[in-house]
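Below is the file work33.txt, which contains compact mmCIF, C-alpha atoms.
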# COMPACT_ATOMS: atom_id res chain seq x y z
CA MET A 1 -73.42 -2.51 83.30
CA GLU A 2 -71.19 -1.70 80.39
CA PHE A 3 -72.01 -2.71 76.86
CA SER A 4 -70.24 -2.35 73.55
CA ALA A 5 -71.31 -3.12 70.01
CA ASN A 6 -68.98 -5.44 68.17
CA MET A 7 -69.91 -6.01 64.54
CA GLY A 8 -68.31 -5.94 61.11
CA ILE A 9 -69.99 -5.22 57.77
CA GLY A 10 -70.85 -8.89 57.23
CA GLY A 11 -72.32 -9.07 60.69
CA PHE A 12 -74.41 -5.97 60.02
CA ILE A 13 -75.91 -7.47 56.83
CA ILE A 14 -76.75 -10.66 58.73
CA TRP A 15 -78.28 -8.64 61.54
CA ILE A 16 -80.49 -6.87 58.99
CA ALA A 17 -81.54 -10.30 57.64
CA GLY A 18 -82.52 -11.31 61.17
CA ILE A 19 -84.55 -8.14 61.68
CA VAL A 20 -86.40 -8.65 58.37
CA VAL A 21 -87.30 -12.24 59.29
CA TRP A 22 -88.37 -11.06 62.76
CA ILE A 23 -90.69 -8.43 61.22
CA LYS A 24 -92.22 -11.16 59.01
CA LEU A 25 -92.68 -13.28 62.16
CA PHE A 26 -94.46 -10.35 63.81
CA GLN A 27 -96.72 -9.84 60.77
CA ASN A 28 -97.61 -13.52 60.35
CA GLY A 29 -97.32 -15.00 63.84
CA GLY A 30 -98.52 -12.08 65.96
CA LEU A 31 -97.08 -10.07 68.82
CA VAL A 32 -96.61 -12.90 71.33
CA LYS A 33 -94.65 -15.07 68.88
CA ALA A 34 -92.57 -12.04 67.89
CA LEU A 35 -91.75 -11.53 71.58
CA ILE A 36 -90.77 -15.21 71.85
CA GLY A 37 -88.47 -14.63 68.87
CA LEU A 38 -86.98 -11.60 70.60
CA VAL A 39 -86.42 -13.16 74.03
CA THR A 40 -84.76 -16.28 72.61
CA CYS A 41 -81.95 -14.17 71.08
CA HIS A 42 -83.62 -14.75 67.67
CA ILE A 43 -83.19 -18.55 67.83
CA TYR A 44 -86.97 -18.98 67.49
CA THR A 45 -87.03 -16.34 64.72
CA PHE A 46 -84.41 -18.34 62.84
CA ILE A 47 -86.29 -21.63 63.27
CA TRP A 48 -89.58 -20.01 62.19
CA GLY A 49 -87.79 -18.58 59.15
CA LEU A 50 -86.45 -22.03 58.25
CA GLN A 51 -89.94 -23.49 58.60
CA ASN A 52 -91.50 -20.86 56.35
CA MET A 53 -88.72 -20.44 53.80
CA LYS A 54 -90.67 -22.28 51.10
CA ASN A 55 -93.68 -20.01 51.47
CA GLU A 56 -93.30 -17.79 48.39
CA GLU A 57 -95.72 -15.14 49.71
CA MET A 58 -93.50 -14.36 52.69
CA LYS A 59 -90.38 -13.87 50.54
CA LEU A 60 -88.06 -15.14 53.25
CA LYS A 61 -85.75 -17.24 51.11
CA THR A 62 -83.07 -14.62 50.29
CA TRP A 63 -82.91 -13.29 53.83
CA MET A 64 -82.70 -16.78 55.30
CA TYR A 65 -79.90 -17.72 52.88
CA ILE A 66 -78.00 -14.59 53.94
CA TRP A 67 -78.56 -15.47 57.62
CA MET A 68 -77.54 -19.14 57.15
CA GLY A 69 -74.53 -18.13 55.07
CA GLY A 70 -73.46 -15.80 57.84
CA ILE A 71 -73.73 -18.53 60.45
CA VAL A 72 -71.68 -20.93 58.31
CA ILE A 73 -69.00 -18.27 57.71
CA GLY A 74 -68.99 -17.47 61.42
CA LEU A 75 -68.55 -21.14 62.32
CA ILE A 76 -65.67 -21.52 59.85
CA ILE A 77 -63.96 -18.40 61.18
CA ASN A 78 -64.46 -19.56 64.77
CA PHE A 79 -63.03 -22.99 63.99
CA MET A 80 -60.09 -21.37 62.22
CA GLY A 81 -59.45 -19.70 65.55
CA GLY A 82 -58.97 -16.17 64.26
CA ALA A 83 -59.43 -14.20 67.42
CA GLY A 84 -58.95 -10.77 65.96
CA ASP A 85 -55.26 -10.78 66.76
CA GLY A 86 -54.02 -9.76 63.34
CA GLY A 87 -53.41 -11.55 60.07
CA GLU A 88 -56.01 -12.74 57.53
CA GLU A 89 -58.05 -14.62 60.11
CA GLY A 90 -58.16 -11.58 62.32
CA ALA A 91 -59.42 -9.44 59.44
CA LEU A 92 -62.08 -12.01 58.56
CA ARG A 93 -63.16 -12.19 62.15
CA LEU A 94 -63.47 -8.43 62.32
CA LEU A 95 -65.61 -8.46 59.17
CA PHE A 96 -68.00 -11.02 60.63
CA SER A 97 -67.19 -10.36 64.25
CA PHE A 98 -70.68 -10.70 65.70
CA ILE A 99 -71.38 -14.23 64.50
CA MET B 100 -110.01 -2.09 70.80
CA ASN B 101 -110.57 -4.18 73.92
CA ASP B 102 -111.40 -7.23 71.76
CA THR B 103 -108.17 -6.80 69.80
CA PHE B 104 -106.18 -6.59 73.04
CA ASN B 105 -107.88 -9.71 74.39
CA GLN B 106 -107.20 -11.58 71.15
CA ILE B 107 -103.49 -10.80 71.44
CA TRP B 108 -103.21 -11.26 75.20
CA TYR B 109 -105.11 -14.53 75.46
CA ALA B 110 -103.83 -16.06 72.21
CA PRO B 111 -102.54 -19.60 72.80
CA ALA B 112 -99.09 -18.81 71.40
CA PHE B 113 -96.99 -21.44 73.20
CA SER B 114 -99.43 -24.26 72.47
CA SER B 115 -99.64 -23.23 68.81
CA ILE B 116 -95.86 -23.70 68.63
CA LEU B 117 -96.20 -27.11 70.32
CA GLU B 118 -98.81 -28.17 67.73
CA ASN B 119 -96.25 -27.85 64.96
CA ARG B 120 -94.17 -30.99 65.46
CA PRO B 121 -91.36 -30.19 62.97
CA GLU B 122 -90.96 -26.76 64.57
CA VAL B 123 -90.83 -28.34 68.03
CA MET B 124 -88.17 -30.77 66.81
CA PHE B 125 -86.10 -27.86 65.49
CA ILE B 126 -86.50 -25.92 68.75
CA ALA B 127 -85.60 -28.92 70.93
CA GLY B 128 -82.64 -29.78 68.68
CA ALA B 129 -81.32 -26.22 68.52
CA GLY B 130 -81.85 -25.76 72.26
CA ALA B 131 -80.07 -29.02 73.08
CA VAL B 132 -77.13 -28.22 70.78
CA HIS B 133 -76.83 -24.69 72.17
CA LEU B 134 -77.02 -25.83 75.79
CA GLY B 135 -74.62 -28.71 75.07
CA LEU B 136 -72.06 -26.40 73.52
CA ARG B 137 -72.28 -23.97 76.43
CA PHE B 138 -72.08 -26.84 78.95
CA ALA B 139 -68.87 -27.88 77.21
CA GLY B 140 -67.55 -24.33 77.47
CA LEU B 141 -67.77 -23.77 73.71
CA PRO B 142 -69.40 -20.79 72.00
CA GLY B 143 -73.04 -21.34 71.13
CA TRP B 144 -75.57 -19.07 69.43
CA ASN B 145 -74.51 -15.42 69.78
CA CYS B 146 -77.27 -12.89 70.32
CA PRO B 147 -77.42 -10.68 67.22
CA ILE B 148 -79.05 -7.83 69.16
CA LEU B 149 -76.25 -7.73 71.73
CA ALA B 150 -73.61 -7.89 69.01
CA ALA B 151 -75.26 -5.23 66.89
CA THR B 152 -76.26 -2.70 69.50
CA GLY B 153 -74.18 -3.57 72.53
CA VAL B 154 -77.41 -3.84 74.50
CA PRO B 155 -78.41 -7.32 75.71
CA CYS B 156 -81.81 -8.57 74.57
CA PRO B 157 -84.40 -9.65 77.18
CA GLY B 158 -83.23 -13.26 76.91
CA CYS B 159 -79.48 -12.65 77.15
CA GLY B 160 -77.99 -14.61 80.05
CA LEU B 161 -80.73 -17.25 80.05
CA THR B 162 -78.44 -20.04 78.86
CA LEU B 163 -75.86 -19.34 81.55
CA ALA B 164 -78.60 -19.04 84.17
CA ILE B 165 -80.12 -22.39 83.08
CA ILE B 166 -76.69 -24.07 83.29
CA GLU B 167 -76.21 -22.65 86.80
CA LEU B 168 -79.70 -23.81 87.74
CA VAL B 169 -79.00 -27.34 86.53
CA HIS B 170 -75.77 -27.34 88.55
CA GLY B 171 -77.76 -26.38 91.64
CA ASN B 172 -76.38 -22.85 91.95
CA PHE B 173 -79.82 -21.32 92.50
CA THR B 174 -78.71 -17.94 93.87
CA GLN B 175 -76.17 -17.44 91.09
CA SER B 176 -78.76 -18.50 88.52
CA PHE B 177 -81.29 -16.03 89.92
CA HIS B 178 -78.74 -13.23 89.77
CA THR B 179 -77.81 -14.10 86.17
CA HIS B 180 -81.41 -14.30 84.93
CA ALA B 181 -84.46 -14.65 87.13
CA PHE B 182 -86.56 -16.24 84.36
CA ALA B 183 -84.29 -19.28 83.95
CA PRO B 184 -86.65 -21.71 85.80
CA ILE B 185 -89.58 -20.69 83.59
CA PHE B 186 -87.62 -21.14 80.38
CA LEU B 187 -86.13 -24.44 81.59
CA PHE B 188 -89.67 -25.63 82.35
CA ALA B 189 -90.86 -24.51 78.90
CA PHE B 190 -87.95 -26.34 77.30
CA LEU B 191 -88.79 -29.50 79.25
CA VAL B 192 -92.43 -29.25 78.13
CA ILE B 193 -91.22 -28.90 74.53
CA ALA B 194 -89.01 -31.98 74.94
CA LEU B 195 -91.87 -33.87 76.62
CA THR B 196 -94.29 -33.23 73.75
CA LEU B 197 -91.72 -34.77 71.42
CA VAL B 198 -91.43 -38.05 73.25
CA LEU B 199 -95.06 -38.56 74.30
CA PRO B 200 -97.37 -40.77 72.26
CA GLU B 201 -99.65 -38.85 69.88
CA SER B 202 -102.84 -39.12 71.98
CA GLN B 203 -101.11 -37.86 75.14
CA ARG B 204 -99.31 -35.17 73.17
CA VAL B 205 -102.59 -33.84 71.77
CA ASN B 206 -104.14 -33.99 75.24
CA ILE B 207 -101.32 -32.05 76.91
CA ILE B 208 -101.28 -29.40 74.15
CA ALA B 209 -105.05 -28.94 74.50
CA ARG B 210 -104.64 -28.46 78.27
CA ILE B 211 -101.85 -25.88 77.75
CA SER B 212 -103.97 -24.11 75.12
CA ARG B 213 -106.93 -23.88 77.53
CA PHE B 214 -104.64 -22.63 80.30
CA GLU B 215 -103.18 -19.94 78.04
CA THR B 216 -106.59 -18.85 76.77
CA ARG B 217 -107.95 -18.64 80.32
CA ASN B 218 -105.25 -16.49 81.92
CA GLY B 219 -102.92 -15.25 79.15
CA ILE B 220 -99.93 -16.78 80.95
CA THR B 221 -97.57 -16.52 77.95
CA ALA B 222 -98.32 -12.82 77.46
CA TRP B 223 -97.92 -12.23 81.21
CA VAL B 224 -94.56 -13.98 81.37
CA LEU B 225 -93.27 -12.16 78.30
CA SER B 226 -94.50 -8.79 79.54
CA LEU B 227 -92.91 -9.33 82.95
CA LEU B 228 -89.73 -10.37 81.18
CA MET B 229 -89.74 -7.08 79.24
CA LEU B 230 -90.16 -5.15 82.51
CA TYR B 231 -87.37 -7.19 84.12
CA TRP B 232 -85.18 -6.44 81.10
CA ALA B 233 -85.88 -2.70 81.35
CA PHE B 234 -85.13 -2.80 85.10
CA ARG B 235 -81.83 -4.62 84.51
CA LEU B 236 -80.79 -2.09 81.87
CA ILE B 237 -81.46 0.82 84.21
CA ALA B 238 -79.98 -0.79 87.34

Take the structure in the file and write it out as structure tokens.
Amino acid sequence: MEFSANMGIGGFIIWIAGIVVWIKLFQNGGLVKALIGLVTCHIYTFIWGLQNMKNEEMKLKTWMYIWMGGIVIGLIINFMGGAGDGGEEGALRLLFSFI
Amino acid sequence: MNDTFNQIWYAPAFSSILENRPEVMFIAGAGAVHLGLRFAGLPGWNCPILAATGVPCPGCGLTLAIIELVHGNFTQSFHTHAFAPIFLFAFLVIALTLVLPESQRVNIIARISRFETRNGITAWVLSLLMLYWAFRLIA
């Protein structure tokens, strides 16, 4: 198998947000739920984060906003159709390329 | 030490997710949208771990494998991800708990909780999935 990382700066920040939320899931939900978060490509982590955003003690709000913002930007870029083939759209896509 | 291990291993994790109805609705909705997009050949949720590290996470390929399974391509599905039937079953259970009347929903969740507590099935499945992932990375 051959793998390659493909991520811009924006993607990296969003990835960090995901890792922070996943660590909070591990601390509050336990190992098994953290594994569920991991094996669902972080979909469960994201949903758990949304569910617990309002819990002030967990301090998830900022990270979840970053994550959601990244998804929205990624969707917009994808719909714009910038496939990394040059131009402004290509540059944007490179910046947020993992979304 | 042994007690701590038992608490983690036999914790009813899946049923505790099912108990939280809003969370279940989110999971079913997100799962349906993701599967629907992929069925239509559109991009769905991208795995952040794969994108960040270039290494697929233990669940990467599950969506494609589930789609192949639904289409009846069992061999192809098995080659893509061997855990697809288990995750499809879990997703169907999640969907079922959403549509069942409250009394039946509570009953089925209690049964799943007892099953998990008795044999640690969720921890077993996830641990085997981690081993399968490691094997796939090496192979």

Straight-line distance linking CA of Thr152 in chain B with CA of Met58 in chain A, stated in Å to one decimal:
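That distance, rounded to one decimal, is 26.8 Å.
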
For a quick test of understanding: name the residues of chain B lying within 8 Å of chain A when counting all atoms listed in the file, and present them as a list in words.
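Here they are: Ile107, Trp108, Ala110, Ala112, Glu122, Phe125, Ile126, Ala129, Trp144, Asn145, Cys146, Pro147, Ile148, Leu149, Ala150, Ala151, Thr152, Gly153, Val154, Pro155, Cys156, Pro157, Gly158, Cys159, Thr221, Ala222, Leu225, Leu236 and Ala238 of chain B.
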
What's the separation between CA of Pro184 in chain B and CA of Ile165 in chain B, in Å to one decimal place?
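One can read the CA of Pro184 in chain B to CA of Ile165 in chain B distance as 7.1 Å.
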
May I have the residues within 12 Å of range 204-217 of chain B as an mmCIF file with C-alpha atoms, in the frame of the given file, using all atoms listed in the file and disregarding those fewer than 6 positions away in the same chain?
data_model
loop_
_atom_site.group_PDB
_atom_site.id
_atom_site.type_symbol
_atom_site.label_atom_id
_atom_site.label_comp_id
_atom_site.auth_asym_id
_atom_site.auth_seq_id
_atom_site.Cartn_x
_atom_site.Cartn_y
_atom_site.Cartn_z
ATOM 1 C CA VAL A 32 -96.610 -12.900 71.330
ATOM 2 C CA ASN B 105 -107.880 -9.710 74.390
ATOM 3 C CA GLN B 106 -107.200 -11.580 71.150
ATOM 4 C CA ILE B 107 -103.490 -10.800 71.440
ATOM 5 C CA TRP B 108 -103.210 -11.260 75.200
ATOM 6 C CA TYR B 109 -105.110 -14.530 75.460
ATOM 7 C CA ALA B 110 -103.830 -16.060 72.210
ATOM 8 C CA PRO B 111 -102.540 -19.600 72.800
ATOM 9 C CA ALA B 112 -99.090 -18.810 71.400
ATOM 10 C CA PHE B 113 -96.990 -21.440 73.200
ATOM 11 C CA SER B 114 -99.430 -24.260 72.470
ATOM 12 C CA SER B 115 -99.640 -23.230 68.810
ATOM 13 C CA ILE B 116 -95.860 -23.700 68.630
ATOM 14 C CA LEU B 117 -96.200 -27.110 70.320
ATOM 15 C CA GLU B 118 -98.810 -28.170 67.730
ATOM 16 C CA ASN B 119 -96.250 -27.850 64.960
ATOM 17 C CA ARG B 120 -94.170 -30.990 65.460
ATOM 18 C CA ALA B 189 -90.860 -24.510 78.900
ATOM 19 C CA VAL B 192 -92.430 -29.250 78.130
ATOM 20 C CA ILE B 193 -91.220 -28.900 74.530
ATOM 21 C CA ALA B 194 -89.010 -31.980 74.940
ATOM 22 C CA LEU B 195 -91.870 -33.870 76.620
ATOM 23 C CA THR B 196 -94.290 -33.230 73.750
ATOM 24 C CA LEU B 197 -91.720 -34.770 71.420
ATOM 25 C CA VAL B 198 -91.430 -38.050 73.250
ATOM 26 C CA TRP B 223 -97.920 -12.230 81.210
ATOM 27 C CA VAL B 224 -94.560 -13.980 81.370
#

Quick check, in Å to one decimal: how far apart do CA of His170 in chain B and CA of Phe138 in chain B lie?
10.3 Å

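Distances from B:Leu191, B:Phe234, B:Phe104, B:Gln203 to Ala131 in chain B were compared using all atoms listed in the file, and the smallest one belongs to B:Leu191.
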
Residues at most 12 Å from Lys61 in chain A, counting all atoms listed in the file, excluding those fewer than 4 positions away in the same chain, as a VMD selection string?
chain A and resid 17 20 to 21 24 46 49 to 57 65 to 69

Completion of range 60-78 of chain A up to N, CA and C atoms, as a PDB file, in the frame of the given file:
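result_4.pdb, written as the output of this step:
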ATOM      1  N   LEU A  60     -89.080 -15.016  52.197  1.00  0.00           N
ATOM      2  CA  LEU A  60     -88.060 -15.140  53.250  1.00  0.00           C
ATOM      3  C   LEU A  60     -86.761 -15.754  52.737  1.00  0.00           C
ATOM      4  N   LYS A  61     -86.849 -16.401  51.575  1.00  0.00           N
ATOM      5  CA  LYS A  61     -85.750 -17.240  51.110  1.00  0.00           C
ATOM      6  C   LYS A  61     -84.399 -16.512  51.104  1.00  0.00           C
ATOM      7  N   THR A  62     -84.346 -15.350  50.430  1.00  0.00           N
ATOM      8  CA  THR A  62     -83.070 -14.620  50.290  1.00  0.00           C
ATOM      9  C   THR A  62     -82.500 -14.255  51.655  1.00  0.00           C
ATOM     10  N   TRP A  63     -83.374 -13.726  52.517  1.00  0.00           N
ATOM     11  CA  TRP A  63     -82.910 -13.290  53.830  1.00  0.00           C
ATOM     12  C   TRP A  63     -82.417 -14.470  54.661  1.00  0.00           C
ATOM     13  N   MET A  64     -83.118 -15.605  54.537  1.00  0.00           N
ATOM     14  CA  MET A  64     -82.700 -16.780  55.300  1.00  0.00           C
ATOM     15  C   MET A  64     -81.370 -17.328  54.770  1.00  0.00           C
ATOM     16  N   TYR A  65     -81.192 -17.278  53.441  1.00  0.00           N
ATOM     17  CA  TYR A  65     -79.900 -17.720  52.880  1.00  0.00           C
ATOM     18  C   TYR A  65     -78.760 -16.833  53.378  1.00  0.00           C
ATOM     19  N   ILE A  66     -79.029 -15.519  53.432  1.00  0.00           N
ATOM     20  CA  ILE A  66     -78.000 -14.590  53.940  1.00  0.00           C
ATOM     21  C   ILE A  66     -77.680 -14.942  55.397  1.00  0.00           C
ATOM     22  N   TRP A  67     -78.732 -15.157  56.178  1.00  0.00           N
ATOM     23  CA  TRP A  67     -78.560 -15.470  57.620  1.00  0.00           C
ATOM     24  C   TRP A  67     -77.779 -16.791  57.783  1.00  0.00           C
ATOM     25  N   MET A  68     -78.201 -17.826  57.042  1.00  0.00           N
ATOM     26  CA  MET A  68     -77.540 -19.140  57.150  1.00  0.00           C
ATOM     27  C   MET A  68     -76.095 -19.051  56.686  1.00  0.00           C
ATOM     28  N   GLY A  69     -75.893 -18.316  55.589  1.00  0.00           N
ATOM     29  CA  GLY A  69     -74.530 -18.130  55.070  1.00  0.00           C
ATOM     30  C   GLY A  69     -73.646 -17.479  56.118  1.00  0.00           C
ATOM     31  N   GLY A  70     -74.204 -16.492  56.789  1.00  0.00           N
ATOM     32  CA  GLY A  70     -73.460 -15.800  57.840  1.00  0.00           C
ATOM     33  C   GLY A  70     -73.081 -16.717  58.980  1.00  0.00           C
ATOM     34  N   ILE A  71     -74.007 -17.592  59.349  1.00  0.00           N
ATOM     35  CA  ILE A  71     -73.730 -18.530  60.450  1.00  0.00           C
ATOM     36  C   ILE A  71     -72.617 -19.496  60.046  1.00  0.00           C
ATOM     37  N   VAL A  72     -72.701 -19.990  58.796  1.00  0.00           N
ATOM     38  CA  VAL A  72     -71.680 -20.930  58.310  1.00  0.00           C
ATOM     39  C   VAL A  72     -70.309 -20.243  58.283  1.00  0.00           C
ATOM     40  N   ILE A  73     -70.275 -19.009  57.755  1.00  0.00           N
ATOM     41  CA  ILE A  73     -69.000 -18.270  57.710  1.00  0.00           C
ATOM     42  C   ILE A  73     -68.470 -18.049  59.128  1.00  0.00           C
ATOM     43  N   GLY A  74     -69.381 -17.688  60.026  1.00  0.00           N
ATOM     44  CA  GLY A  74     -68.990 -17.470  61.420  1.00  0.00           C
ATOM     45  C   GLY A  74     -68.410 -18.721  62.058  1.00  0.00           C
ATOM     46  N   LEU A  75     -69.046 -19.870  61.770  1.00  0.00           N
ATOM     47  CA  LEU A  75     -68.550 -21.140  62.320  1.00  0.00           C
ATOM     48  C   LEU A  75     -67.155 -21.435  61.782  1.00  0.00           C
ATOM     49  N   ILE A  76     -66.983 -21.240  60.454  1.00  0.00           N
ATOM     50  CA  ILE A  76     -65.670 -21.520  59.850  1.00  0.00           C
ATOM     51  C   ILE A  76     -64.600 -20.631  60.473  1.00  0.00           C
ATOM     52  N   ILE A  77     -64.942 -19.338  60.604  1.00  0.00           N
ATOM     53  CA  ILE A  77     -63.960 -18.400  61.180  1.00  0.00           C
ATOM     54  C   ILE A  77     -63.643 -18.790  62.622  1.00  0.00           C
ATOM     55  N   ASN A  78     -64.694 -19.167  63.374  1.00  0.00           N
ATOM     56  CA  ASN A  78     -64.460 -19.560  64.770  1.00  0.00           C
ATOM     57  C   ASN A  78     -63.583 -20.795  64.863  1.00  0.00           C
TER      58      ASN A  78
END
